[in-house]
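S.K.: File follows, target08.pdb with PDB, C-alpha atoms:
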```pdb
ATOM      1  CA  MET A 721      16.426  17.275  -5.654
ATOM      2  CA  ARG A 722      18.815  19.046  -7.904
ATOM      3  CA  HIS A 723      16.486  19.002 -10.857
ATOM      4  CA  ARG A 724      14.157  21.453  -9.159
ATOM      5  CA  ARG A 725      16.614  24.200 -10.085
ATOM      6  CA  HIS A 726      15.455  23.865 -13.648
ATOM      7  CA  LEU A 727      11.761  23.867 -13.075
ATOM      8  CA  HIS A 728      11.194  27.551 -13.822
ATOM      9  CA  ARG A 729      12.025  26.791 -17.415
ATOM     10  CA  PHE A 730       9.941  23.646 -17.340
ATOM     11  CA  GLY A 731       7.028  25.492 -15.809
ATOM     12  CA  ALA A 732       7.103  27.980 -18.646
ATOM     13  CA  ALA A 733       7.065  25.150 -21.172
ATOM     14  CA  VAL A 734       4.096  23.507 -19.474
ATOM     15  CA  LEU A 735       2.271  26.804 -19.271
ATOM     16  CA  ALA A 736       2.857  27.354 -22.972
ATOM     17  CA  ALA A 737       1.566  23.882 -23.721
ATOM     18  CA  LEU A 738      -1.550  24.500 -21.661
ATOM     19  CA  VAL A 739      -2.176  27.787 -23.458
ATOM     20  CA  VAL A 740      -1.880  26.029 -26.816
ATOM     21  CA  LEU A 741      -4.194  23.270 -25.654
ATOM     22  CA  GLY A 742      -6.736  25.828 -24.488
ATOM     23  CA  ALA A 743     -10.071  24.835 -23.039
ATOM     24  CA  GLY A 744     -10.869  22.356 -25.795
ATOM     25  CA  GLY A 745      -9.140  19.439 -24.121
ATOM     26  CA  CYS A 746      -5.660  18.024 -23.753
ATOM     27  CA  GLY A 747      -4.817  18.124 -27.446
ATOM     28  CA  GLY A 748      -5.588  14.500 -28.104
ATOM     29  CA  ASP A 749      -6.430  13.131 -31.536
ATOM     30  CA  THR A 750      -8.974  10.528 -32.597
ATOM     31  CA  ASN A 751      -8.462   7.320 -30.683
ATOM     32  CA  PRO A 752      -8.412   3.636 -31.519
ATOM     33  CA  PRO A 753     -10.911   1.421 -29.680
ATOM     34  CA  ALA A 754     -10.101   1.021 -26.021
ATOM     35  CA  THR A 755      -9.132  -2.631 -26.197
ATOM     36  CA  GLU A 756      -6.633  -1.985 -28.963
ATOM     37  CA  ALA A 757      -5.099   0.902 -27.128
ATOM     38  CA  VAL A 758      -4.721  -0.987 -23.878
ATOM     39  CA  THR A 759      -3.173  -3.943 -25.642
ATOM     40  CA  ALA A 760      -0.774  -1.666 -27.469
ATOM     41  CA  ASN A 761       0.726  -0.561 -24.204
ATOM     42  CA  THR A 762       1.699  -4.058 -23.204
ATOM     43  CA  GLY A 763       3.828  -6.766 -24.652
ATOM     44  CA  ALA A 764       5.499 -10.054 -24.025
ATOM     45  CA  ASP A 765       8.581  -8.315 -22.679
ATOM     46  CA  ALA A 766       6.659  -6.154 -20.239
ATOM     47  CA  THR A 767       7.509  -8.351 -17.279
ATOM     48  CA  ALA A 768      11.214  -8.030 -17.935
ATOM     49  CA  GLU A 769      10.872  -4.279 -18.390
ATOM     50  CA  ILE A 770       9.135  -3.758 -15.082
ATOM     51  CA  GLY A 771      11.435  -6.204 -13.349
ATOM     52  CA  ALA A 772      14.411  -4.240 -14.577
ATOM     53  CA  LEU A 773      12.965  -1.063 -13.100
ATOM     54  CA  GLY A 774      12.997  -2.740  -9.686
ATOM     55  CA  ALA A 775      12.314  -0.898  -6.445
ATOM     56  CA  VAL A 776       9.367  -3.026  -5.312
ATOM     57  CA  PRO A 777      10.147  -3.779  -1.662
ATOM     58  CA  ASP A 778      10.314  -7.447  -0.783
ATOM     59  CA  ALA A 779       7.328  -7.393   1.548
ATOM     60  CA  GLY A 780       6.144 -10.812   0.394
ATOM     61  CA  PRO A 781       3.072 -11.441  -1.722
ATOM     62  CA  ALA A 782      -0.188 -10.658   0.009
ATOM     63  CA  CYS A 783      -2.342 -12.401  -2.556
ATOM     64  CA  ARG A 784      -2.468 -15.608  -4.502
ATOM     65  CA  THR A 785      -0.131 -16.009  -7.457
ATOM     66  CA  PRO A 786      -0.976 -18.076 -10.535
ATOM     67  CA  GLY A 787       0.078 -21.701 -10.836
ATOM     68  CA  PRO A 788       2.743 -22.839 -13.299
ATOM     69  CA  LEU A 789       2.258 -21.939 -16.955
ATOM     70  CA  PRO A 790       1.491 -24.688 -19.457
ATOM     71  CA  ALA A 791       4.509 -25.582 -21.574
ATOM     72  CA  ASP A 792       2.756 -24.349 -24.712
ATOM     73  CA  ALA A 793       1.509 -21.062 -23.252
ATOM     74  CA  SER A 794       1.213 -18.212 -25.740
ATOM     75  CA  ASP A 795       3.096 -14.959 -25.398
ATOM     76  CA  ALA A 796      -0.135 -13.266 -24.348
ATOM     77  CA  LEU A 797      -0.798 -15.747 -21.558
ATOM     78  CA  THR A 798       2.840 -15.609 -20.484
ATOM     79  CA  ALA A 799       2.599 -11.804 -20.281
ATOM     80  CA  LEU A 800      -0.566 -11.997 -18.187
ATOM     81  CA  HIS A 801       0.967 -14.630 -15.929
ATOM     82  CA  GLY A 802       3.999 -12.425 -15.317
ATOM     83  CA  ALA A 803       1.858  -9.364 -14.798
ATOM     84  CA  VAL A 804      -0.291 -11.093 -12.170
ATOM     85  CA  ALA A 805       2.759 -12.442 -10.338
ATOM     86  CA  ASP A 806       4.234  -8.946 -10.225
ATOM     87  CA  LEU A 807       0.864  -7.557  -9.187
ATOM     88  CA  ALA A 808       0.661  -9.957  -6.239
ATOM     89  CA  ALA A 809       4.091  -8.841  -5.067
ATOM     90  CA  SER A 810       3.416  -5.141  -5.418
ATOM     91  CA  ALA A 811       0.002  -5.533  -3.777
ATOM     92  CA  GLY A 812       1.838  -7.133  -0.855
ATOM     93  CA  ALA A 813       4.016  -4.062  -0.578
ATOM     94  CA  VAL A 814       0.981  -1.783  -0.558
ATOM     95  CA  ARG A 815      -0.639  -3.960   2.099
ATOM     96  CA  SER A 816       2.411  -3.708   4.306
ATOM     97  CA  LEU A 817       2.530   0.035   3.905
ATOM     98  CA  ALA A 818      -1.193   0.519   4.500
ATOM     99  CA  LEU A 819      -1.628  -1.853   7.406
ATOM    100  CA  GLU A 820       1.746  -2.054   9.090
ATOM    101  CA  GLY A 821       3.546   1.173   8.284
ATOM    102  CA  PRO A 822       2.978   4.819   9.199
ATOM    103  CA  ALA A 823      -0.389   6.432   8.593
ATOM    104  CA  PRO A 824      -1.362   5.984   4.934
ATOM    105  CA  ALA A 825      -2.385   9.618   4.855
ATOM    106  CA  THR A 826       1.306  10.370   4.357
ATOM    107  CA  TRP A 827       1.471   8.378   1.111
ATOM    108  CA  PRO A 828       1.394  11.147  -1.461
ATOM    109  CA  GLY A 829       3.908  13.214   0.422
ATOM    110  CA  ASP A 830       6.632  10.626   0.849
ATOM    111  CA  PRO A 831       8.523   9.780  -2.360
ATOM    112  CA  ALA A 832       9.452   6.266  -1.232
ATOM    113  CA  ASP A 833       5.845   5.487  -0.316
ATOM    114  CA  SER A 834       4.644   6.979  -3.574
ATOM    115  CA  LEU A 835       7.035   4.674  -5.409
ATOM    116  CA  ILE A 836       5.435   1.643  -3.759
ATOM    117  CA  LEU A 837       1.995   2.800  -4.828
ATOM    118  CA  ARG A 838       3.287   3.617  -8.327
ATOM    119  CA  ARG A 839       4.668   0.096  -8.806
ATOM    120  CA  PHE A 840       1.352  -1.390  -7.742
ATOM    121  CA  LEU A 841      -0.606   0.824 -10.134
ATOM    122  CA  GLU A 842       1.824   0.047 -12.962
ATOM    123  CA  ASP A 843       1.318  -3.666 -12.389
ATOM    124  CA  LEU A 844      -2.446  -3.249 -12.079
ATOM    125  CA  TYR A 845      -2.865  -1.524 -15.421
ATOM    126  CA  ARG A 846      -0.323  -3.738 -17.161
ATOM    127  CA  THR A 847      -2.437  -6.661 -15.993
ATOM    128  CA  ALA A 848      -5.560  -5.022 -17.371
ATOM    129  CA  GLY A 849      -3.857  -4.548 -20.722
ATOM    130  CA  SER A 850      -2.506  -8.090 -20.830
ATOM    131  CA  ALA A 851      -5.925  -9.520 -20.011
ATOM    132  CA  ALA A 852      -7.725  -7.841 -22.901
ATOM    133  CA  ASN A 853      -9.318 -10.355 -25.270
ATOM    134  CA  LEU A 854      -7.356 -13.273 -23.868
ATOM    135  CA  ALA A 855      -9.851 -15.949 -22.869
ATOM    136  CA  ALA A 856     -11.660 -17.960 -25.545
ATOM    137  CA  ASP A 857     -12.965 -20.739 -23.321
ATOM    138  CA  PRO A 858     -16.338 -19.647 -21.893
ATOM    139  CA  GLU A 859     -15.526 -20.699 -18.343
ATOM    140  CA  ALA A 860     -12.148 -18.963 -18.389
ATOM    141  CA  ALA A 861     -13.730 -15.944 -20.031
ATOM    142  CA  ALA A 862     -16.246 -15.731 -17.219
ATOM    143  CA  VAL A 863     -13.494 -15.790 -14.585
ATOM    144  CA  LEU A 864     -11.541 -13.163 -16.467
ATOM    145  CA  ALA A 865     -14.639 -10.993 -16.795
ATOM    146  CA  ASP A 866     -15.088 -11.201 -13.029
ATOM    147  CA  ALA A 867     -11.485 -10.140 -12.536
ATOM    148  CA  GLN A 868     -11.851  -7.191 -14.886
ATOM    149  CA  GLN A 869     -15.061  -6.090 -13.191
ATOM    150  CA  SER A 870     -13.314  -6.359  -9.849
ATOM    151  CA  LEU A 871     -10.514  -4.159 -11.176
ATOM    152  CA  LEU A 872     -13.030  -1.559 -12.291
ATOM    153  CA  ALA A 873     -14.691  -1.573  -8.880
ATOM    154  CA  LEU A 874     -11.265  -1.271  -7.288
ATOM    155  CA  GLN A 875     -10.418   1.681  -9.444
ATOM    156  CA  ALA A 876     -13.755   3.405  -9.099
ATOM    157  CA  GLY A 877     -14.315   2.839  -5.390
ATOM    158  CA  ASP A 878     -11.642   1.147  -3.323
ATOM    159  CA  LEU A 879      -8.589   3.007  -4.545
ATOM    160  CA  PRO A 880     -10.105   6.455  -3.959
ATOM    161  CA  ARG A 881     -11.034   5.265  -0.457
ATOM    162  CA  LEU A 882      -7.512   3.997   0.076
ATOM    163  CA  TYR A 883      -6.101   7.374  -0.979
ATOM    164  CA  GLN A 884      -8.234   9.075   1.655
ATOM    165  CA  ALA A 885      -7.615   6.556   4.441
ATOM    166  CA  GLN A 886      -6.442   8.063   7.695
ATOM    167  CA  SER A 887      -5.653   4.845   9.527
ATOM    168  CA  ALA A 888      -4.916   1.172   9.067
ATOM    169  CA  GLU A 889      -8.548   0.498   9.912
ATOM    170  CA  ASP A 890      -9.685   2.726   7.053
ATOM    171  CA  SER A 891      -7.310   0.904   4.729
ATOM    172  CA  ALA A 892      -8.364  -2.634   5.610
ATOM    173  CA  GLY A 893     -11.359  -2.758   3.259
ATOM    174  CA  PRO A 894      -9.564  -1.376   0.202
ATOM    175  CA  VAL A 895      -6.555  -3.607   0.868
ATOM    176  CA  ALA A 896      -8.815  -6.657   1.020
ATOM    177  CA  ALA A 897     -10.395  -5.573  -2.268
ATOM    178  CA  ILE A 898      -6.956  -5.263  -3.841
ATOM    179  CA  CYS A 899      -6.104  -8.811  -2.841
ATOM    180  CA  ALA A 900      -9.465 -10.123  -4.034
ATOM    181  CA  THR A 901      -8.828  -8.610  -7.451
ATOM    182  CA  VAL A 902      -5.358 -10.126  -7.662
ATOM    183  CA  ASP A 903      -6.784 -13.508  -6.659
ATOM    184  CA  LEU A 904      -9.369 -13.303  -9.445
ATOM    185  CA  PHE A 905      -6.688 -12.573 -12.025
ATOM    186  CA  ALA A 906      -4.661 -15.510 -10.713
ATOM    187  CA  ASP A 907      -7.767 -17.670 -11.034
ATOM    188  CA  ALA A 908      -8.264 -16.423 -14.582
ATOM    189  CA  VAL A 909      -4.695 -17.235 -15.594
ATOM    190  CA  ASP A 910      -5.072 -20.731 -14.206
ATOM    191  CA  ALA A 911      -8.435 -21.193 -15.928
ATOM    192  CA  ILE A 912      -7.103 -20.009 -19.280
ATOM    193  CA  GLY A 913      -4.075 -22.274 -18.983
ATOM    194  CA  ALA A 914      -6.202 -25.239 -17.961
ATOM    195  CA  SER A 915      -8.673 -24.741 -20.798
ATOM    196  CA  GLY A 916      -6.004 -24.972 -23.466
ATOM    197  CA  GLN A 917      -8.258 -22.782 -25.587
ATOM    198  CA  GLU A 918      -6.594 -19.419 -25.378
ATOM    199  CA  PRO A 919      -6.515 -17.611 -28.730
TER     200      PRO A 919
ATOM    201  CA  MET B 161      12.337   9.966 -28.185
ATOM    202  CA  ALA B 162       9.713   9.038 -30.762
ATOM    203  CA  GLY B 163       8.220   6.761 -28.139
ATOM    204  CA  LEU B 164       7.893   9.645 -25.697
ATOM    205  CA  ARG B 165       6.271  11.801 -28.357
ATOM    206  CA  ASP B 166       3.786   9.062 -29.238
ATOM    207  CA  ALA B 167       3.086   8.434 -25.562
ATOM    208  CA  THR B 168       2.324  12.130 -25.109
ATOM    209  CA  ALA B 169      -0.194  12.084 -27.949
ATOM    210  CA  ASP B 170      -1.796   8.856 -26.724
ATOM    211  CA  LEU B 171      -2.116  10.202 -23.206
ATOM    212  CA  ALA B 172      -3.633  13.496 -24.351
ATOM    213  CA  ALA B 173      -6.121  11.614 -26.507
ATOM    214  CA  SER B 174      -7.161   9.242 -23.765
ATOM    215  CA  LEU B 175      -7.554  12.103 -21.272
ATOM    216  CA  ASP B 176      -9.788  13.890 -23.786
ATOM    217  CA  ASP B 177     -11.819  10.735 -24.429
ATOM    218  CA  LEU B 178     -12.306  10.077 -20.742
ATOM    219  CA  ALA B 179     -13.356  13.684 -20.165
ATOM    220  CA  GLU B 180     -15.917  13.316 -22.947
ATOM    221  CA  ALA B 181     -17.283  10.137 -21.377
ATOM    222  CA  VAL B 182     -17.527  11.838 -17.981
ATOM    223  CA  ARG B 183     -19.443  14.766 -19.474
ATOM    224  CA  SER B 184     -21.932  12.360 -21.031
ATOM    225  CA  ALA B 185     -22.365  10.191 -17.926
ATOM    226  CA  SER B 186     -25.989  10.066 -16.823
ATOM    227  CA  SER B 187     -25.660   8.710 -13.300
ATOM    228  CA  PHE B 188     -23.194   9.197 -10.491
ATOM    229  CA  GLY B 189     -23.884   6.335  -8.130
ATOM    230  CA  GLU B 190     -21.160   4.822  -5.993
ATOM    231  CA  LEU B 191     -19.446   2.897  -8.818
ATOM    232  CA  TRP B 192     -20.451   5.062 -11.742
ATOM    233  CA  ALA B 193     -16.918   4.963 -13.158
ATOM    234  CA  ALA B 194     -17.062   1.166 -13.365
ATOM    235  CA  GLU B 195     -19.737   1.380 -16.056
ATOM    236  CA  ALA B 196     -19.210   1.764 -19.794
ATOM    237  CA  PRO B 197     -18.134   3.927 -21.491
ATOM    238  CA  VAL B 198     -16.325   5.608 -18.605
ATOM    239  CA  ALA B 199     -14.822   2.308 -17.423
ATOM    240  CA  ASP B 200     -13.166   1.418 -20.741
ATOM    241  CA  ARG B 201     -11.782   4.904 -21.217
ATOM    242  CA  LEU B 202     -10.569   5.092 -17.654
ATOM    243  CA  LEU B 203      -8.676   1.841 -18.049
ATOM    244  CA  ARG B 204      -7.140   3.041 -21.277
ATOM    245  CA  MET B 205      -6.129   6.401 -19.833
ATOM    246  CA  GLN B 206      -4.477   4.725 -16.870
ATOM    247  CA  ALA B 207      -2.688   2.280 -19.153
ATOM    248  CA  ASP B 208      -1.434   5.203 -21.247
ATOM    249  CA  LEU B 209      -0.401   7.179 -18.164
ATOM    250  CA  PHE B 210       1.566   4.366 -16.577
ATOM    251  CA  GLY B 211       2.928   3.295 -19.955
ATOM    252  CA  ALA B 212       4.264   6.824 -20.402
ATOM    253  CA  SER B 213       5.635   6.716 -16.874
ATOM    254  CA  ARG B 214       7.634   3.583 -17.693
ATOM    255  CA  LEU B 215       8.978   5.168 -20.879
ATOM    256  CA  ILE B 216      10.065   8.268 -18.981
ATOM    257  CA  GLU B 217      11.766   6.137 -16.361
ATOM    258  CA  ARG B 218      13.671   4.150 -18.962
ATOM    259  CA  TYR B 219      14.691   7.332 -20.789
ATOM    260  CA  LEU B 220      15.940   8.950 -17.600
ATOM    261  CA  LYS B 221      17.962   5.908 -16.594
ATOM    262  CA  ASP B 222      19.419   5.593 -20.077
ATOM    263  CA  SER B 223      20.391   9.272 -19.810
ATOM    264  CA  GLY B 224      22.330   8.810 -16.593
ATOM    265  CA  ALA B 225      19.713   9.865 -14.067
ATOM    266  CA  THR B 226      19.295   7.791 -10.913
ATOM    267  CA  LEU B 227      16.214   6.997  -8.847
ATOM    268  CA  THR B 228      16.834   6.809  -5.118
ATOM    269  CA  GLY B 229      14.048   6.524  -2.585
ATOM    270  CA  GLY B 230      11.515   7.649  -5.152
ATOM    271  CA  VAL B 231      13.456  10.817  -6.003
ATOM    272  CA  TRP B 232      15.313  11.445  -9.272
ATOM    273  CA  GLN B 233      18.810  12.815  -9.380
ATOM    274  CA  VAL B 234      19.536  14.205 -12.823
ATOM    275  CA  PRO B 235      22.664  15.830 -14.193
ATOM    276  CA  ASP B 236      22.731  19.587 -13.540
ATOM    277  CA  SER B 237      23.433  20.282 -17.158
ATOM    278  CA  SER B 238      20.211  18.793 -18.391
ATOM    279  CA  PRO B 239      17.066  20.855 -17.804
ATOM    280  CA  PRO B 240      15.068  18.593 -20.166
ATOM    281  CA  LEU B 241      15.818  15.608 -17.952
ATOM    282  CA  ALA B 242      14.691  17.615 -14.936
ATOM    283  CA  ALA B 243      11.465  18.354 -16.775
ATOM    284  CA  LEU B 244      11.007  14.684 -17.554
ATOM    285  CA  ALA B 245      11.588  13.835 -13.908
ATOM    286  CA  ALA B 246       8.960  16.387 -12.916
ATOM    287  CA  ALA B 247       6.517  14.854 -15.401
ATOM    288  CA  TRP B 248       7.189  11.431 -13.864
ATOM    289  CA  GLU B 249       6.698  12.776 -10.358
ATOM    290  CA  SER B 250       3.364  14.338 -11.306
ATOM    291  CA  VAL B 251       1.729  10.954 -11.966
ATOM    292  CA  ILE B 252       1.006   9.990  -8.374
ATOM    293  CA  PRO B 253      -0.264  13.438  -7.262
ATOM    294  CA  PHE B 254      -2.582  13.258 -10.287
ATOM    295  CA  GLN B 255      -3.964   9.998  -8.902
ATOM    296  CA  PHE B 256      -4.582  11.489  -5.459
ATOM    297  CA  GLU B 257      -5.510  15.059  -6.205
ATOM    298  CA  THR B 258      -7.386  14.827  -9.499
ATOM    299  CA  LEU B 259      -8.446  11.300 -10.414
ATOM    300  CA  GLY B 260      -9.421  10.279  -6.873
ATOM    301  CA  PRO B 261     -11.774  13.243  -6.406
ATOM    302  CA  LEU B 262     -13.209  12.653  -9.896
ATOM    303  CA  LEU B 263     -14.041   9.034  -9.129
ATOM    304  CA  GLY B 264     -15.470  10.127  -5.809
ATOM    305  CA  SER B 265     -17.769  12.690  -7.450
ATOM    306  CA  ARG B 266     -21.449  12.089  -6.910
ATOM    307  CA  ASN B 267     -22.877  14.616  -9.328
ATOM    308  CA  ALA B 268     -22.236  15.835 -12.857
ATOM    309  CA  GLY B 269     -21.242  19.341 -11.819
ATOM    310  CA  ASP B 270     -18.408  18.214  -9.574
ATOM    311  CA  ALA B 271     -17.157  15.680 -12.116
ATOM    312  CA  GLU B 272     -17.257  18.120 -15.029
ATOM    313  CA  ALA B 273     -15.478  20.775 -13.008
ATOM    314  CA  ILE B 274     -12.559  18.380 -12.552
ATOM    315  CA  VAL B 275     -12.240  17.296 -16.196
ATOM    316  CA  ASP B 276     -12.609  20.913 -17.320
ATOM    317  CA  SER B 277      -9.880  22.134 -14.980
ATOM    318  CA  GLY B 278      -6.249  22.694 -15.921
ATOM    319  CA  ALA B 279      -5.240  19.886 -13.600
ATOM    320  CA  TRP B 280      -6.929  17.367 -15.867
ATOM    321  CA  CYS B 281      -4.467  17.883 -18.720
ATOM    322  CA  ALA B 282      -1.467  18.368 -16.437
ATOM    323  CA  PRO B 283       0.083  14.909 -17.017
ATOM    324  CA  SER B 284       0.093  15.219 -20.809
ATOM    325  CA  ALA B 285       1.034  18.902 -20.671
ATOM    326  CA  ALA B 286       3.987  18.126 -18.407
ATOM    327  CA  LEU B 287       5.201  15.404 -20.713
ATOM    328  CA  ALA B 288       4.641  17.556 -23.805
ATOM    329  CA  GLY B 289       6.644  20.380 -22.225
ATOM    330  CA  ALA B 290       9.494  18.027 -21.399
ATOM    331  CA  VAL B 291       9.560  16.555 -24.891
ATOM    332  CA  ASP B 292       9.651  20.071 -26.349
ATOM    333  CA  LEU B 293      12.646  20.860 -24.150
ATOM    334  CA  LEU B 294      14.355  17.670 -25.277
ATOM    335  CA  VAL B 295      13.886  18.704 -28.889
ATOM    336  CA  THR B 296      15.028  22.278 -28.252
ATOM    337  CA  ASP B 297      18.155  21.097 -26.470
ATOM    338  CA  GLY B 298      18.907  18.546 -29.145
ATOM    339  CA  GLU B 299      18.701  15.623 -26.789
ATOM    340  CA  GLY B 300      16.145  13.851 -28.939
TER     341      GLY B 300
END
```
Show me, as structure tokens, the structure contained in the file I just sent.
M.R.:
Amino acid sequence: MRHRRHLHRFGAAVLAALVVLGAGGCGGDTNPPATEAVTANTGADATAEIGALGAVPDAGPACRTPGPLPADASDALTALHGAVADLAASAGAVRSLALEGPAPATWPGDPADSLILRRFLEDLYRTAGSAANLAADPEAAAVLADAQQSLLALQAGDLPRLYQAQSAEDSAGPVAAICATVDLFADAVDAIGASGQEP
Amino acid sequence: MAGLRDATADLAASLDDLAEAVRSASSFGELWAAEAPVADRLLRMQADLFGASRLIERYLKDSGATLTGGVWQVPDSSPPLAALAAAWESVIPFQFETLGPLLGSRNAGDAEAIVDSGAWCAPSAALAGAVDLLVTDGEG
């Protein structure tokens, strides 16, 4: 890693930034509401952007992908559809790594393994952003709400457990939760498309 | 470059907001972070963090750096790009070493100790340091 030669200078810059930031926080300013901020980080071209970055191993999708989009699907629904499809693929890669590869305890230390986890997390939070305020139909909204709650539970409980897993057995529960969340988002996309009432 | 600067500010703000929500949390049951307002702010912080990560990656690739096996190779003549690569690399350790233990906290003291530590601001500080180097070196 040739760039490490330059990290003394970088370390000084970070240290200076931390000194400026002090103990009062990270230096952030007043924020917009959460939904707005999440939405602002996504867009209709997000799928193409992530696709161009590549590097998700072709381990095959572990979870259900959404059905075909309606011909008149909005940009927002198209973005969510693409995000969920990518999420299913990257979740499949995490599943393979956690259940079939070397001990997951090595994840943070191996750059290639970290990249697999990074792609999954990118897709997960892009999906969360794309899903914000999308469903108008009450039934679709209920499915989407379930998916978002599942994501929160994943983030708050299953992912930390996955990070600490020492064996494939330890990983099985969190991996199943990952797939369940992806399935719910796929269900939500299908429900929104079927309702024809997306905003 | 403006995008990186904005991403830095957004990330710092969402880290601060999440820290504030953690400090005001009243219960630390198993899924305490899945409840409002922590849940909303956590989602937003993660969206900002991985949004910034994508911007960094695009900037590095546009600048001639290559990503092989999860490791960046940047031109020797560009310390700012090396700093950006380091900021990118810090995202996953932050998930494991800082955010994971925070979400696994079961009492206010442990949780507050994490959001009050230097590690909490490390992702935004790393990106801010790299952006400063880009400006200093005239690469912005």
S.K.: Take atom CA of Val895 of chain A and atom CA of Ala808 of chain A and report the distance between them in Å, one decimal.
M.R.: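 So the answer is 12.0 Å.
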S.K.: List the neighbours of Pro788 of chain A out to 9 Å using all atoms listed in the file; skip same-chain residues closer than 4 positions along the sequence, and give me the result as a PyMOL selection string.
M.R.: chain A and resi 801+910+913
S.K.: Please compute the atom CA of Arg815 of chain A-atom CA of Ala832 of chain A distance, one decimal, in Å.
M.R.: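 Interatomic distance here is 14.7 Å.
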S.K.: Hey, what's within 8 Å of Phe210 of chain B if we count all atoms listed in the file and toss same-chain stuff fewer than 3 positions away? As an MDAnalysis selection string, please?
M.R.: (chainID A and resid 841:842 845) or (chainID B and resid 206:207 213:214)
S.K.: Apply the PyMOL selection byres ((chain B and resi 259) around 12) to the structure shown and report the selected residues as number ranges by chain.
M.R.: A: 875-877, 879-881, 883; B: 175, 178-179, 182, 193, 202, 205-206, 209, 251-258, 260-265, 271, 274-275, 277, 279-283
S.K.: Could you tell me which of A:Ala856, A:Leu871, A:Leu817, A:Leu800 comes closest to chain B if we count only C-alpha atoms?
M.R.: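 Checking each of A:Ala856, A:Leu871, A:Leu817, A:Leu800 against chain B, counting only C-alpha atoms, the winner is A:Leu871.
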S.K.: Taking the point (-8.9, -13.6, -23.2) as given in the file, collect each protein or nucleic acid residue that comes within 8 Å of it, counting only C-alpha atoms, and present the set as a list in words.
M.R.: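 In the file's frame, the residues around the point are Ala851, Ala852, Asn853, Leu854, Ala855, Ala856, Ala860, Ala861, Leu864, Ile912, Glu918 and Pro919 of chain A.
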S.K.: Take the PyMOL selection byres ((chain B and resi 189) around 10), apply it to the structure above, and return the hits as a PyMOL selection string.
M.R.: chain B and resi 186-188+190-193+264-267
S.K.: Would you kindly return, as a PyMOL selection string, each protein, DNA or RNA residue with an atom no farther than 8 Å from any atom of Leu807 of chain A, considering only C-alpha atoms and excluding same-chain residues fewer than 5 positions away?
M.R.: chain A and resi 840+843-844+847+902
S.K.: From (17.7, 14.8, -19.0), in the file's coordinates, out to 10 Å: which residues are reached, counting only C-alpha atoms? Answer as a ChimeraX atom specification.
M.R.: /A:723 /B:219-225,233-245,290,293-294,297,299
S.K.: Could you turn the residues from that selection into a file that holds C-alpha atoms, as an mmCIF file, in the frame of the given file?
M.R.:
```
data_model
loop_
_atom_site.group_PDB
_atom_site.id
_atom_site.type_symbol
_atom_site.label_atom_id
_atom_site.label_comp_id
_atom_site.auth_asym_id
_atom_site.auth_seq_id
_atom_site.Cartn_x
_atom_site.Cartn_y
_atom_site.Cartn_z
ATOM 1 C CA HIS A 723 16.486 19.002 -10.857
ATOM 2 C CA TYR B 219 14.691 7.332 -20.789
ATOM 3 C CA LEU B 220 15.940 8.950 -17.600
ATOM 4 C CA LYS B 221 17.962 5.908 -16.594
ATOM 5 C CA ASP B 222 19.419 5.593 -20.077
ATOM 6 C CA SER B 223 20.391 9.272 -19.810
ATOM 7 C CA GLY B 224 22.330 8.810 -16.593
ATOM 8 C CA ALA B 225 19.713 9.865 -14.067
ATOM 9 C CA GLN B 233 18.810 12.815 -9.380
ATOM 10 C CA VAL B 234 19.536 14.205 -12.823
ATOM 11 C CA PRO B 235 22.664 15.830 -14.193
ATOM 12 C CA ASP B 236 22.731 19.587 -13.540
ATOM 13 C CA SER B 237 23.433 20.282 -17.158
ATOM 14 C CA SER B 238 20.211 18.793 -18.391
ATOM 15 C CA PRO B 239 17.066 20.855 -17.804
ATOM 16 C CA PRO B 240 15.068 18.593 -20.166
ATOM 17 C CA LEU B 241 15.818 15.608 -17.952
ATOM 18 C CA ALA B 242 14.691 17.615 -14.936
ATOM 19 C CA ALA B 243 11.465 18.354 -16.775
ATOM 20 C CA LEU B 244 11.007 14.684 -17.554
ATOM 21 C CA ALA B 245 11.588 13.835 -13.908
ATOM 22 C CA ALA B 290 9.494 18.027 -21.399
ATOM 23 C CA LEU B 293 12.646 20.860 -24.150
ATOM 24 C CA LEU B 294 14.355 17.670 -25.277
ATOM 25 C CA ASP B 297 18.155 21.097 -26.470
ATOM 26 C CA GLU B 299 18.701 15.623 -26.789
#
```
